[in-house]
>>> print(open('input21.json').read())   # JSON, C-alpha atoms
[["chain", "number", "residue", "atom", "x", "y", "z"],
["A", 1, "MET", "CA", 84.50, 91.59, 103.54],
["A", 2, "GLU", "CA", 86.83, 91.82, 100.56],
["A", 3, "ILE", "CA", 86.18, 94.41, 97.84],
["A", 4, "ASP", "CA", 88.51, 94.77, 94.86],
["A", 5, "GLY", "CA", 91.33, 93.24, 96.89],
["A", 6, "TYR", "CA", 90.79, 95.42, 99.97],
["A", 7, "ASN", "CA", 89.93, 93.65, 103.21],
["A", 8, "ILE", "CA", 87.46, 95.84, 105.08],
["A", 9, "ASP", "CA", 86.25, 95.08, 108.59],
["A", 10, "GLU", "CA", 82.53, 95.91, 108.54],
["A", 11, "SER", "CA", 82.50, 96.15, 112.34],
["A", 12, "ARG", "CA", 85.10, 98.97, 112.36],
["A", 13, "LEU", "CA", 83.82, 101.33, 109.71],
["A", 14, "PRO", "CA", 84.08, 105.05, 110.46],
["A", 15, "ARG", "CA", 80.63, 106.43, 111.24],
["A", 16, "HIS", "CA", 81.41, 109.79, 109.64],
["A", 17, "VAL", "CA", 83.83, 110.46, 106.79],
["A", 18, "ALA", "CA", 84.65, 114.03, 105.76],
["A", 19, "ILE", "CA", 86.48, 114.86, 102.52],
["A", 20, "ILE", "CA", 88.23, 118.05, 101.44],
["A", 21, "MET", "CA", 87.87, 117.65, 97.68],
["A", 22, "ASP", "CA", 90.99, 119.41, 96.40],
["A", 23, "GLY", "CA", 92.90, 119.55, 93.15],
["A", 24, "ASN", "CA", 90.24, 120.32, 90.53],
["A", 25, "GLY", "CA", 92.00, 123.43, 89.23],
["A", 26, "ARG", "CA", 95.40, 121.78, 89.02],
["A", 27, "TRP", "CA", 93.85, 118.77, 87.28],
["A", 28, "ALA", "CA", 92.42, 121.08, 84.62],
["A", 29, "THR", "CA", 95.62, 123.13, 84.30],
["A", 30, "LYS", "CA", 97.63, 119.96, 83.64],
["A", 31, "ARG", "CA", 95.30, 119.38, 80.69],
["A", 32, "LYS", "CA", 95.59, 123.01, 79.53],
["A", 33, "MET", "CA", 91.91, 123.58, 80.28],
["A", 34, "PRO", "CA", 90.16, 126.30, 82.34],
["A", 35, "ARG", "CA", 89.72, 125.61, 86.05],
["A", 36, "VAL", "CA", 85.94, 125.32, 85.67],
["A", 37, "PHE", "CA", 86.56, 122.26, 83.47],
["A", 38, "GLY", "CA", 88.19, 120.62, 86.48],
["A", 39, "HIS", "CA", 85.18, 121.39, 88.69],
["A", 40, "ARG", "CA", 82.81, 119.92, 86.09],
["A", 41, "SER", "CA", 84.93, 116.78, 85.81],
["A", 42, "ALA", "CA", 84.95, 116.51, 89.61],
["A", 43, "MET", "CA", 81.21, 115.87, 89.68],
["A", 44, "LYS", "CA", 81.81, 112.27, 88.58],
["A", 45, "ALA", "CA", 84.11, 111.83, 91.56],
["A", 46, "VAL", "CA", 81.45, 113.31, 93.85],
["A", 47, "ARG", "CA", 78.92, 110.73, 92.65],
["A", 48, "LYS", "CA", 81.42, 107.90, 93.14],
["A", 49, "ALA", "CA", 82.22, 109.04, 96.69],
["A", 50, "ILE", "CA", 78.55, 109.21, 97.61],
["A", 51, "THR", "CA", 77.62, 105.82, 96.15],
["A", 52, "THR", "CA", 80.69, 104.14, 97.64],
["A", 53, "ALA", "CA", 80.06, 105.54, 101.11],
["A", 54, "SER", "CA", 76.40, 104.59, 100.89],
["A", 55, "ASP", "CA", 77.20, 101.05, 99.72],
["A", 56, "LEU", "CA", 79.69, 100.57, 102.57],
["A", 57, "GLY", "CA", 77.16, 101.68, 105.17],
["A", 58, "ILE", "CA", 78.83, 104.93, 106.24],
["A", 59, "GLU", "CA", 76.37, 106.89, 108.40],
["A", 60, "VAL", "CA", 77.49, 110.42, 107.46],
["A", 61, "LEU", "CA", 79.52, 111.74, 104.53],
["A", 62, "THR", "CA", 80.56, 115.40, 104.50],
["A", 63, "LEU", "CA", 81.98, 116.94, 101.32],
["A", 64, "TYR", "CA", 83.71, 120.32, 101.40],
["A", 65, "ALA", "CA", 82.32, 121.90, 98.24],
["A", 66, "PHE", "CA", 82.77, 125.68, 98.62],
["A", 67, "SER", "CA", 84.37, 127.57, 101.49],
["A", 68, "THR", "CA", 83.81, 131.10, 102.74],
["A", 69, "GLU", "CA", 87.30, 131.87, 101.41],
["A", 70, "ASN", "CA", 86.51, 130.63, 97.89],
["A", 71, "TRP", "CA", 84.72, 133.89, 97.07],
["A", 72, "LYS", "CA", 88.22, 135.31, 96.55],
["A", 73, "ARG", "CA", 88.55, 133.33, 93.32],
["A", 74, "SER", "CA", 87.86, 134.82, 89.90],
["A", 75, "ALA", "CA", 84.28, 135.83, 89.09],
["A", 76, "GLU", "CA", 84.31, 133.33, 86.23],
["A", 77, "GLU", "CA", 85.29, 130.43, 88.47],
["A", 78, "VAL", "CA", 82.83, 131.35, 91.23],
["A", 79, "SER", "CA", 80.00, 131.73, 88.71],
["A", 80, "GLY", "CA", 80.85, 128.35, 87.21],
["A", 81, "LEU", "CA", 80.82, 126.71, 90.63],
["A", 82, "MET", "CA", 77.43, 128.22, 91.49],
["A", 83, "HIS", "CA", 75.93, 126.97, 88.21],
["A", 84, "LEU", "CA", 77.35, 123.52, 88.90],
["A", 85, "ALA", "CA", 75.75, 123.58, 92.35],
["A", 86, "ILE", "CA", 72.33, 124.40, 90.87],
["A", 87, "ARG", "CA", 72.60, 121.62, 88.29],
["A", 88, "TYR", "CA", 73.73, 119.15, 90.92],
["A", 89, "PHE", "CA", 70.87, 119.89, 93.31],
["A", 90, "LEU", "CA", 68.23, 119.65, 90.59],
["A", 91, "ASN", "CA", 69.66, 116.63, 88.78],
["A", 92, "GLU", "CA", 70.60, 114.40, 91.70],
["A", 93, "ILE", "CA", 67.36, 114.37, 93.71],
["A", 94, "ARG", "CA", 66.19, 111.10, 92.19],
["A", 95, "SER", "CA", 69.48, 109.31, 92.85],
["A", 96, "MET", "CA", 69.47, 110.53, 96.47],
["A", 97, "ASN", "CA", 65.96, 109.21, 96.97],
["A", 98, "ASP", "CA", 66.77, 105.91, 95.25],
["A", 99, "ARG", "CA", 69.53, 105.41, 97.84],
["A", 100, "ASP", "CA", 67.47, 106.78, 100.74],
["A", 101, "ILE", "CA", 70.10, 109.51, 101.31],
["A", 102, "ARG", "CA", 69.15, 112.60, 103.33],
["A", 103, "VAL", "CA", 70.94, 115.70, 102.07],
["A", 104, "ARG", "CA", 71.87, 118.64, 104.25],
["A", 105, "VAL", "CA", 73.72, 121.84, 103.44],
["A", 106, "ILE", "CA", 76.08, 123.10, 106.11],
["A", 107, "GLY", "CA", 77.28, 126.68, 105.90],
["A", 108, "ASP", "CA", 75.74, 130.12, 105.50],
["A", 109, "MET", "CA", 72.98, 129.46, 102.97],
["A", 110, "SER", "CA", 71.89, 133.09, 103.06],
["A", 111, "GLY", "CA", 75.17, 134.13, 101.45],
["A", 112, "LEU", "CA", 74.61, 131.98, 98.35],
["A", 113, "PRO", "CA", 72.95, 133.22, 95.14],
["A", 114, "GLU", "CA", 69.16, 132.95, 95.11],
["A", 115, "GLY", "CA", 69.20, 130.28, 92.41],
["A", 116, "VAL", "CA", 71.49, 128.06, 94.47],
["A", 117, "GLN", "CA", 69.33, 128.56, 97.57],
["A", 118, "LYS", "CA", 66.15, 127.57, 95.71],
["A", 119, "ALA", "CA", 67.73, 124.49, 94.13],
["A", 120, "ALA", "CA", 69.27, 123.43, 97.45],
["A", 121, "LYS", "CA", 65.98, 123.87, 99.29],
["A", 122, "LYS", "CA", 64.23, 121.62, 96.77],
["A", 123, "MET", "CA", 66.77, 118.85, 97.32],
["A", 124, "LEU", "CA", 66.67, 119.26, 101.10],
["A", 125, "ASP", "CA", 62.86, 119.16, 101.14],
["A", 126, "ASP", "CA", 62.63, 116.22, 98.73],
["A", 127, "THR", "CA", 65.12, 114.10, 100.71],
["A", 128, "ALA", "CA", 64.12, 115.19, 104.23],
["A", 129, "ASP", "CA", 62.27, 111.97, 105.06],
["A", 130, "ASN", "CA", 65.00, 109.61, 103.88],
["A", 131, "GLN", "CA", 66.47, 107.35, 106.54],
["A", 132, "GLY", "CA", 69.78, 106.24, 105.03],
["A", 133, "MET", "CA", 73.14, 107.97, 104.93],
["A", 134, "ILE", "CA", 73.30, 111.69, 105.72],
["A", 135, "LEU", "CA", 75.13, 113.67, 103.04],
["A", 136, "ASN", "CA", 76.43, 117.04, 104.24],
["A", 137, "LEU", "CA", 77.39, 119.41, 101.45],
["A", 138, "ALA", "CA", 79.54, 122.19, 102.90],
["A", 139, "LEU", "CA", 78.65, 125.29, 100.87],
["A", 140, "ASN", "CA", 79.77, 128.79, 101.84],
["A", 141, "TYR", "CA", 81.18, 127.01, 104.85],
["A", 142, "GLY", "CA", 83.94, 128.07, 107.24],
["A", 143, "GLY", "CA", 84.81, 126.43, 110.53],
["A", 144, "ARG", "CA", 85.40, 129.72, 112.33],
["A", 145, "GLU", "CA", 82.18, 131.17, 110.91],
["A", 146, "GLU", "CA", 80.32, 128.11, 112.20],
["A", 147, "LEU", "CA", 81.66, 128.71, 115.71],
["A", 148, "VAL", "CA", 80.65, 132.38, 115.55],
["A", 149, "HIS", "CA", 77.19, 131.27, 114.37],
["A", 150, "ALA", "CA", 76.95, 128.87, 117.33],
["A", 151, "VAL", "CA", 78.05, 131.48, 119.87],
["A", 152, "LYS", "CA", 75.52, 133.98, 118.52],
["A", 153, "GLY", "CA", 72.79, 131.36, 118.79],
["A", 154, "ILE", "CA", 73.67, 130.64, 122.41],
["A", 155, "ALA", "CA", 73.70, 134.37, 123.18],
["A", 156, "ASP", "CA", 70.39, 134.97, 121.39],
["A", 157, "ASP", "CA", 68.79, 132.21, 123.47],
["A", 158, "GLY", "CA", 69.98, 133.89, 126.66],
["A", 159, "ILE", "CA", 71.79, 130.85, 127.99],
["A", 160, "SER", "CA", 73.80, 131.47, 131.14],
["A", 161, "PRO", "CA", 77.58, 130.90, 130.84],
["A", 162, "ASP", "CA", 77.24, 128.46, 133.74],
["A", 163, "HIS", "CA", 75.22, 126.17, 131.48],
["A", 164, "ILE", "CA", 77.58, 126.22, 128.50],
["A", 165, "ASP", "CA", 79.53, 123.03, 127.94],
["A", 166, "GLU", "CA", 80.73, 121.01, 124.96],
["A", 167, "ALA", "CA", 77.42, 119.20, 124.56],
["A", 168, "LEU", "CA", 75.55, 122.51, 124.40],
["A", 169, "ILE", "CA", 77.90, 123.93, 121.79],
["A", 170, "ASP", "CA", 77.44, 120.76, 119.73],
["A", 171, "ARG", "CA", 73.70, 121.46, 119.60],
["A", 172, "TYR", "CA", 74.31, 124.86, 117.99],
["A", 173, "LEU", "CA", 76.62, 123.63, 115.23],
["A", 174, "TYR", "CA", 75.52, 122.95, 111.66],
["A", 175, "THR", "CA", 76.17, 119.25, 112.32],
["A", 176, "ALA", "CA", 73.98, 119.09, 115.44],
["A", 177, "GLY", "CA", 72.83, 115.55, 116.18],
["A", 178, "GLN", "CA", 75.48, 113.91, 114.01],
["A", 179, "PRO", "CA", 78.54, 111.96, 115.13],
["A", 180, "ASP", "CA", 81.83, 113.81, 114.77],
["A", 181, "PRO", "CA", 84.00, 112.78, 111.82],
["A", 182, "ASP", "CA", 86.13, 109.72, 112.49],
["A", 183, "LEU", "CA", 88.10, 110.17, 109.28],
["A", 184, "VAL", "CA", 89.06, 113.33, 107.40],
["A", 185, "VAL", "CA", 90.65, 113.00, 103.96],
["A", 186, "ARG", "CA", 92.21, 115.73, 101.84],
["A", 187, "THR", "CA", 93.19, 115.06, 98.26],
["A", 188, "SER", "CA", 95.79, 116.80, 96.05],
["A", 189, "GLY", "CA", 98.71, 116.40, 98.46],
["A", 190, "GLU", "CA", 98.00, 119.58, 100.43],
["A", 191, "LYS", "CA", 98.38, 119.10, 104.19],
["A", 192, "ARG", "CA", 96.15, 121.66, 105.86],
["A", 193, "LEU", "CA", 92.58, 121.84, 107.14],
["A", 194, "SER", "CA", 91.49, 125.04, 105.37],
["A", 195, "ASN", "CA", 89.00, 126.05, 108.07],
["A", 196, "PHE", "CA", 87.05, 122.77, 107.84],
["A", 197, "LEU", "CA", 84.98, 121.41, 110.75],
["A", 198, "LEU", "CA", 87.41, 122.84, 113.29],
["A", 199, "TRP", "CA", 85.34, 121.87, 116.34],
["A", 200, "GLN", "CA", 84.18, 118.47, 115.11],
["A", 201, "ILE", "CA", 87.54, 117.00, 114.06],
["A", 202, "ALA", "CA", 89.24, 117.22, 117.46],
["A", 203, "TYR", "CA", 89.86, 113.45, 117.51],
["A", 204, "ALA", "CA", 89.53, 112.55, 113.83],
["A", 205, "GLU", "CA", 92.08, 110.51, 111.94],
["A", 206, "PHE", "CA", 93.64, 112.34, 108.96],
["A", 207, "ILE", "CA", 94.72, 111.05, 105.56],
["A", 208, "PHE", "CA", 96.41, 113.30, 103.00],
["A", 209, "ASP", "CA", 96.32, 111.71, 99.56],
["A", 210, "ASP", "CA", 98.27, 112.99, 96.55],
["A", 211, "ILE", "CA", 95.49, 112.13, 94.10],
["A", 212, "LEU", "CA", 93.73, 115.08, 92.45],
["A", 213, "TRP", "CA", 90.03, 114.94, 93.20],
["A", 214, "PRO", "CA", 88.75, 114.38, 89.61],
["A", 215, "ASP", "CA", 90.87, 111.19, 89.52],
["A", 216, "PHE", "CA", 89.15, 109.75, 92.61],
["A", 217, "ASP", "CA", 87.49, 106.36, 92.27],
["A", 218, "GLU", "CA", 86.02, 103.69, 94.54],
["A", 219, "LYS", "CA", 89.39, 102.08, 95.21],
["A", 220, "CYS", "CA", 90.63, 105.33, 96.75],
["A", 221, "PHE", "CA", 87.80, 105.14, 99.26],
["A", 222, "TYR", "CA", 88.52, 101.49, 100.06],
["A", 223, "LYS", "CA", 92.21, 102.30, 100.55],
["A", 224, "TRP", "CA", 91.34, 105.11, 102.97],
["A", 225, "ILE", "CA", 89.05, 102.85, 104.98],
["A", 226, "VAL", "CA", 91.70, 100.14, 105.27],
["A", 227, "GLU", "CA", 94.29, 102.70, 106.40],
["A", 228, "TYR", "CA", 91.84, 104.09, 108.94],
["A", 229, "GLN", "CA", 91.19, 100.60, 110.29],
["A", 230, "HIS", "CA", 94.92, 100.12, 110.91],
["A", 231, "ARG", "CA", 95.07, 103.23, 113.12],
["A", 232, "ASN", "CA", 95.13, 102.96, 116.93],
["A", 233, "ARG", "CA", 92.61, 105.53, 118.14],
["A", 234, "ARG", "CA", 93.44, 106.43, 121.75],
["A", 235, "TYR", "CA", 91.49, 109.66, 122.31],
["A", 236, "GLY", "CA", 94.24, 110.93, 124.61],
["A", 237, "GLY", "CA", 94.46, 107.68, 126.53],
["A", 238, "VAL", "CA", 96.55, 104.53, 126.18],
["A", 239, "LYS", "CA", 95.59, 101.22, 124.57]]
>>> encode(input="input21.json", output="structure tokens")
Amino acid sequence: MEIDGYNIDESRLPRHVAIIMDGNGRWATKRKMPRVFGHRSAMKAVRKAITTASDLGIEVLTLYAFSTENWKRSAEEVSGLMHLAIRYFLNEIRSMNDRDIRVRVIGDMSGLPEGVQKAAKKMLDDTADNQGMILNLALNYGGREELVHAVKGIADDGISPDHIDEALIDRYLYTAGQPDPDLVVRTSGEKRLSNFLLWQIAYAEFIFDDILWPDFDEKCFYKWIVEYQHRNRRYGGVK
């Protein structure tokens, strides 16, 4: 199919797209505004990413919203991000249900403020029966922390080391039951993973885009899909 001049092969869509949404602070600084202004402006880009992925038929979309390392930022910025999270969860339930999107939060929910936990739980409960795209919102998430969480779960269940394999570990991850990301995108020009889905992205394709996240639009997503479809995925073998 052709969308806005981009030829997309519907038979070769990535099942799971994961995005490190970076550049909000720099976007705001360029405009001589506080960093929180950039995060607020980024919410429009979040909505565009979700609707575009849903319209294309992507099975899973994971958005890196707040990492375990982001607590190191200023109290003002962290507080602003938490308030944005509450507003998002409460305001977007209807749009998620209209699109049949099931929302999940991956990360240590217990470490989030009570207001964020309550708002997130409402969205998770209200979208739990939806059968369309899965939207993972990575909040208070860290890839290493996720692996520690998985190992603790295996130990707590008393599983013998002889029975531990990759499939078992998969079942103890936050993304249990989901396909691994086929495509990981980071905006803002930075070229690092920042502790994101370290287990799951072993064979993902990577795209590093210079665009700052608040400037994202649908054409960015189409461009990424076309680039992905031109990759030769060998999984360690030869084609």
>>> closest_residue(input="input21.json", among="A:Gly158, A:Lys118, A:Ser188, A:Leu139", to="Asp215 (chain A)", atoms="only C-alpha atoms")
A:Ser188
>>> closest_residue(input="input21.json", among="A:Leu198, A:Ala150, A:Leu13, A:Ile225", to="Ile58 (chain A)", atoms="all atoms listed in the file")
A:Leu13
>>> atom_distance(input="input21.json", atom1="CA of Gly5 (chain A)", atom2="CA of Lys191 (chain A)")
27.8 Å
>>> closest_residue(input="input21.json", among="A:Ser110, A:Asn130, A:Asn70, A:Thr62", to="Asn97 (chain A)", atoms="all atoms listed in the file")
A:Asn130
>>> closest_atom_pairs(input="input21.json", of="region 126-175 of chain A", to="region 18-35 of chain A", cutoff="12 Å", atoms="all atoms listed in the file", output="Markdown table")
| residue | atom | partner | partner_atom | distance |
| --- | --- | --- | --- | --- |
| A:Ile134 | CA | A:Ala18 | CA | 11.6 |
| A:Leu135 | CA | A:Ala18 | CA | 9.9 |
| A:Asn136 | CA | A:Ala18 | CA | 8.9 |
| A:Leu137 | CA | A:Ala18 | CA | 10.0 |
| A:Ala138 | CA | A:Ile20 | CA | 9.7 |
| A:Tyr141 | CA | A:Ile20 | CA | 11.9 |
| A:Thr175 | CA | A:Ala18 | CA | 11.9 |
>>> atom_distance(input="input21.json", atom1="CA of Asn140 (chain A)", atom2="CA of Asp98 (chain A)")
27.1 Å
>>> atom_distance(input="input21.json", atom1="CA of Ile201 (chain A)", atom2="CA of Ala119 (chain A)")
29.1 Å
>>> residues_near_point(input="input21.json", point="(67.3, 107.2, 101.8)", cutoff="12 Å", atoms="all atoms listed in the file", output="list of chain:residue names")
A:Thr51, A:Ser54, A:Asp55, A:Gly57, A:Glu59, A:Ile93, A:Arg94, A:Ser95, A:Met96, A:Asn97, A:Asp98, A:Arg99, A:Asp100, A:Ile101, A:Arg102, A:Val103, A:Asp126, A:Thr127, A:Ala128, A:Asp129, A:Asn130, A:Gln131, A:Gly132, A:Met133, A:Ile134, A:Leu135
>>> residues_around(input="input21.json", residues="Ile86 (chain A)", least_positions_apart="2", cutoff="7 Å", atoms="all atoms listed in the file", output="number ranges by chain")
A: 82-84, 88-90, 115-116, 119
>>> closest_residue(input="input21.json", among="A:Leu124, A:Arg233, A:Arg186, A:Phe196", to="Asp210 (chain A)", atoms="all atoms listed in the file")
A:Arg186
>>> residues_around(input="input21.json", residues="Gly142 (chain A)", least_positions_apart="5", cutoff="10 Å", atoms="all atoms listed in the file", output="MDAnalysis selection string")
chainID A and resid 64 66:69 106:108 147:148 194:198
>>> write_last_selection(input="input21.json", atoms="C-alpha atoms", output="PDB file, in the frame of the given file")
ATOM      1  CA  TYR A  64      83.710 120.320 101.400  1.00  0.00           C
ATOM      2  CA  PHE A  66      82.770 125.680  98.620  1.00  0.00           C
ATOM      3  CA  SER A  67      84.370 127.570 101.490  1.00  0.00           C
ATOM      4  CA  THR A  68      83.810 131.100 102.740  1.00  0.00           C
ATOM      5  CA  GLU A  69      87.300 131.870 101.410  1.00  0.00           C
ATOM      6  CA  ILE A 106      76.080 123.100 106.110  1.00  0.00           C
ATOM      7  CA  GLY A 107      77.280 126.680 105.900  1.00  0.00           C
ATOM      8  CA  ASP A 108      75.740 130.120 105.500  1.00  0.00           C
ATOM      9  CA  LEU A 147      81.660 128.710 115.710  1.00  0.00           C
ATOM     10  CA  VAL A 148      80.650 132.380 115.550  1.00  0.00           C
ATOM     11  CA  SER A 194      91.490 125.040 105.370  1.00  0.00           C
ATOM     12  CA  ASN A 195      89.000 126.050 108.070  1.00  0.00           C
ATOM     13  CA  PHE A 196      87.050 122.770 107.840  1.00  0.00           C
ATOM     14  CA  LEU A 197      84.980 121.410 110.750  1.00  0.00           C
ATOM     15  CA  LEU A 198      87.410 122.840 113.290  1.00  0.00           C
TER      16      LEU A 198
END
>>> residues_near_point(input="input21.json", point="(79.6, 130.3, 122.0)", cutoff="10 Å", atoms="all atoms listed in the file", output="PyMOL selection string")
chain A and resi 147-155+159+161+164-166+168-169+172-173
>>> closest_residue(input="input21.json", among="A:Leu61, A:Val36, A:Val226, A:Ala120", to="His16 (chain A)", atoms="all atoms listed in the file")
A:Leu61
>>> closest_residue(input="input21.json", among="A:Lys48, A:Arg192, A:Ala42, A:Pro179", to="Lys219 (chain A)", atoms="only C-alpha atoms")
A:Lys48
>>> axis_aligned_box(input="input21.json", around="region 177-184 of chain A", padding_each_side="3 Å", output="AutoDock Vina command-line options")
--center_x 80.9 --center_y 112.6 --center_z 111.8 --size_x 22.2 --size_y 11.8 --size_z 14.8
>>> build_atoms(input="input21.json", residues="region 50-63 of chain A", atoms="N, CA, C and O atoms", output="PDB file, in the coordinates of the input")
ATOM      1  N   ILE A  50      79.842 109.366  96.945  1.00  0.00           N
ATOM      2  CA  ILE A  50      78.550 109.210  97.610  1.00  0.00           C
ATOM      3  C   ILE A  50      78.055 107.767  97.506  1.00  0.00           C
ATOM      4  O   ILE A  50      77.630 107.167  98.500  1.00  0.00           O
ATOM      5  N   THR A  51      78.114 107.192  96.312  1.00  0.00           N
ATOM      6  CA  THR A  51      77.620 105.820  96.150  1.00  0.00           C
ATOM      7  C   THR A  51      78.488 104.827  96.910  1.00  0.00           C
ATOM      8  O   THR A  51      77.970 103.872  97.501  1.00  0.00           O
ATOM      9  N   THR A  52      79.805 105.056  96.918  1.00  0.00           N
ATOM     10  CA  THR A  52      80.690 104.140  97.640  1.00  0.00           C
ATOM     11  C   THR A  52      80.443 104.194  99.131  1.00  0.00           C
ATOM     12  O   THR A  52      80.349 103.150  99.805  1.00  0.00           O
ATOM     13  N   ALA A  53      80.331 105.393  99.683  1.00  0.00           N
ATOM     14  CA  ALA A  53      80.060 105.540 101.110  1.00  0.00           C
ATOM     15  C   ALA A  53      78.729 104.922 101.475  1.00  0.00           C
ATOM     16  O   ALA A  53      78.592 104.231 102.496  1.00  0.00           O
ATOM     17  N   SER A  54      77.729 105.155 100.637  1.00  0.00           N
ATOM     18  CA  SER A  54      76.400 104.590 100.890  1.00  0.00           C
ATOM     19  C   SER A  54      76.434 103.070 100.846  1.00  0.00           C
ATOM     20  O   SER A  54      75.857 102.395 101.710  1.00  0.00           O
ATOM     21  N   ASP A  55      77.114 102.510  99.846  1.00  0.00           N
ATOM     22  CA  ASP A  55      77.200 101.050  99.720  1.00  0.00           C
ATOM     23  C   ASP A  55      77.931 100.420 100.903  1.00  0.00           C
ATOM     24  O   ASP A  55      77.586  99.307 101.334  1.00  0.00           O
ATOM     25  N   LEU A  56      78.930 101.098 101.437  1.00  0.00           N
ATOM     26  CA  LEU A  56      79.690 100.570 102.570  1.00  0.00           C
ATOM     27  C   LEU A  56      78.899 100.632 103.879  1.00  0.00           C
ATOM     28  O   LEU A  56      79.195  99.892 104.813  1.00  0.00           O
ATOM     29  N   GLY A  57      77.928 101.528 103.933  1.00  0.00           N
ATOM     30  CA  GLY A  57      77.160 101.680 105.170  1.00  0.00           C
ATOM     31  C   GLY A  57      77.677 102.799 106.057  1.00  0.00           C
ATOM     32  O   GLY A  57      77.425 102.802 107.268  1.00  0.00           O
ATOM     33  N   ILE A  58      78.390 103.755 105.482  1.00  0.00           N
ATOM     34  CA  ILE A  58      78.830 104.930 106.240  1.00  0.00           C
ATOM     35  C   ILE A  58      77.591 105.724 106.659  1.00  0.00           C
ATOM     36  O   ILE A  58      76.679 105.935 105.857  1.00  0.00           O
ATOM     37  N   GLU A  59      77.551 106.179 107.906  1.00  0.00           N
ATOM     38  CA  GLU A  59      76.370 106.890 108.400  1.00  0.00           C
ATOM     39  C   GLU A  59      76.301 108.330 107.886  1.00  0.00           C
ATOM     40  O   GLU A  59      75.220 108.828 107.549  1.00  0.00           O
ATOM     41  N   VAL A  60      77.449 109.015 107.873  1.00  0.00           N
ATOM     42  CA  VAL A  60      77.490 110.420 107.460  1.00  0.00           C
ATOM     43  C   VAL A  60      78.685 110.641 106.551  1.00  0.00           C
ATOM     44  O   VAL A  60      79.797 110.202 106.855  1.00  0.00           O
ATOM     45  N   LEU A  61      78.448 111.328 105.433  1.00  0.00           N
ATOM     46  CA  LEU A  61      79.520 111.740 104.530  1.00  0.00           C
ATOM     47  C   LEU A  61      79.428 113.249 104.372  1.00  0.00           C
ATOM     48  O   LEU A  61      78.367 113.785 104.025  1.00  0.00           O
ATOM     49  N   THR A  62      80.524 113.942 104.656  1.00  0.00           N
ATOM     50  CA  THR A  62      80.560 115.400 104.500  1.00  0.00           C
ATOM     51  C   THR A  62      81.566 115.753 103.411  1.00  0.00           C
ATOM     52  O   THR A  62      82.722 115.323 103.466  1.00  0.00           O
ATOM     53  N   LEU A  63      81.123 116.525 102.431  1.00  0.00           N
ATOM     54  CA  LEU A  63      81.980 116.940 101.320  1.00  0.00           C
ATOM     55  C   LEU A  63      82.137 118.446 101.345  1.00  0.00           C
ATOM     56  O   LEU A  63      81.152 119.192 101.354  1.00  0.00           O
TER      57      LEU A  63
END
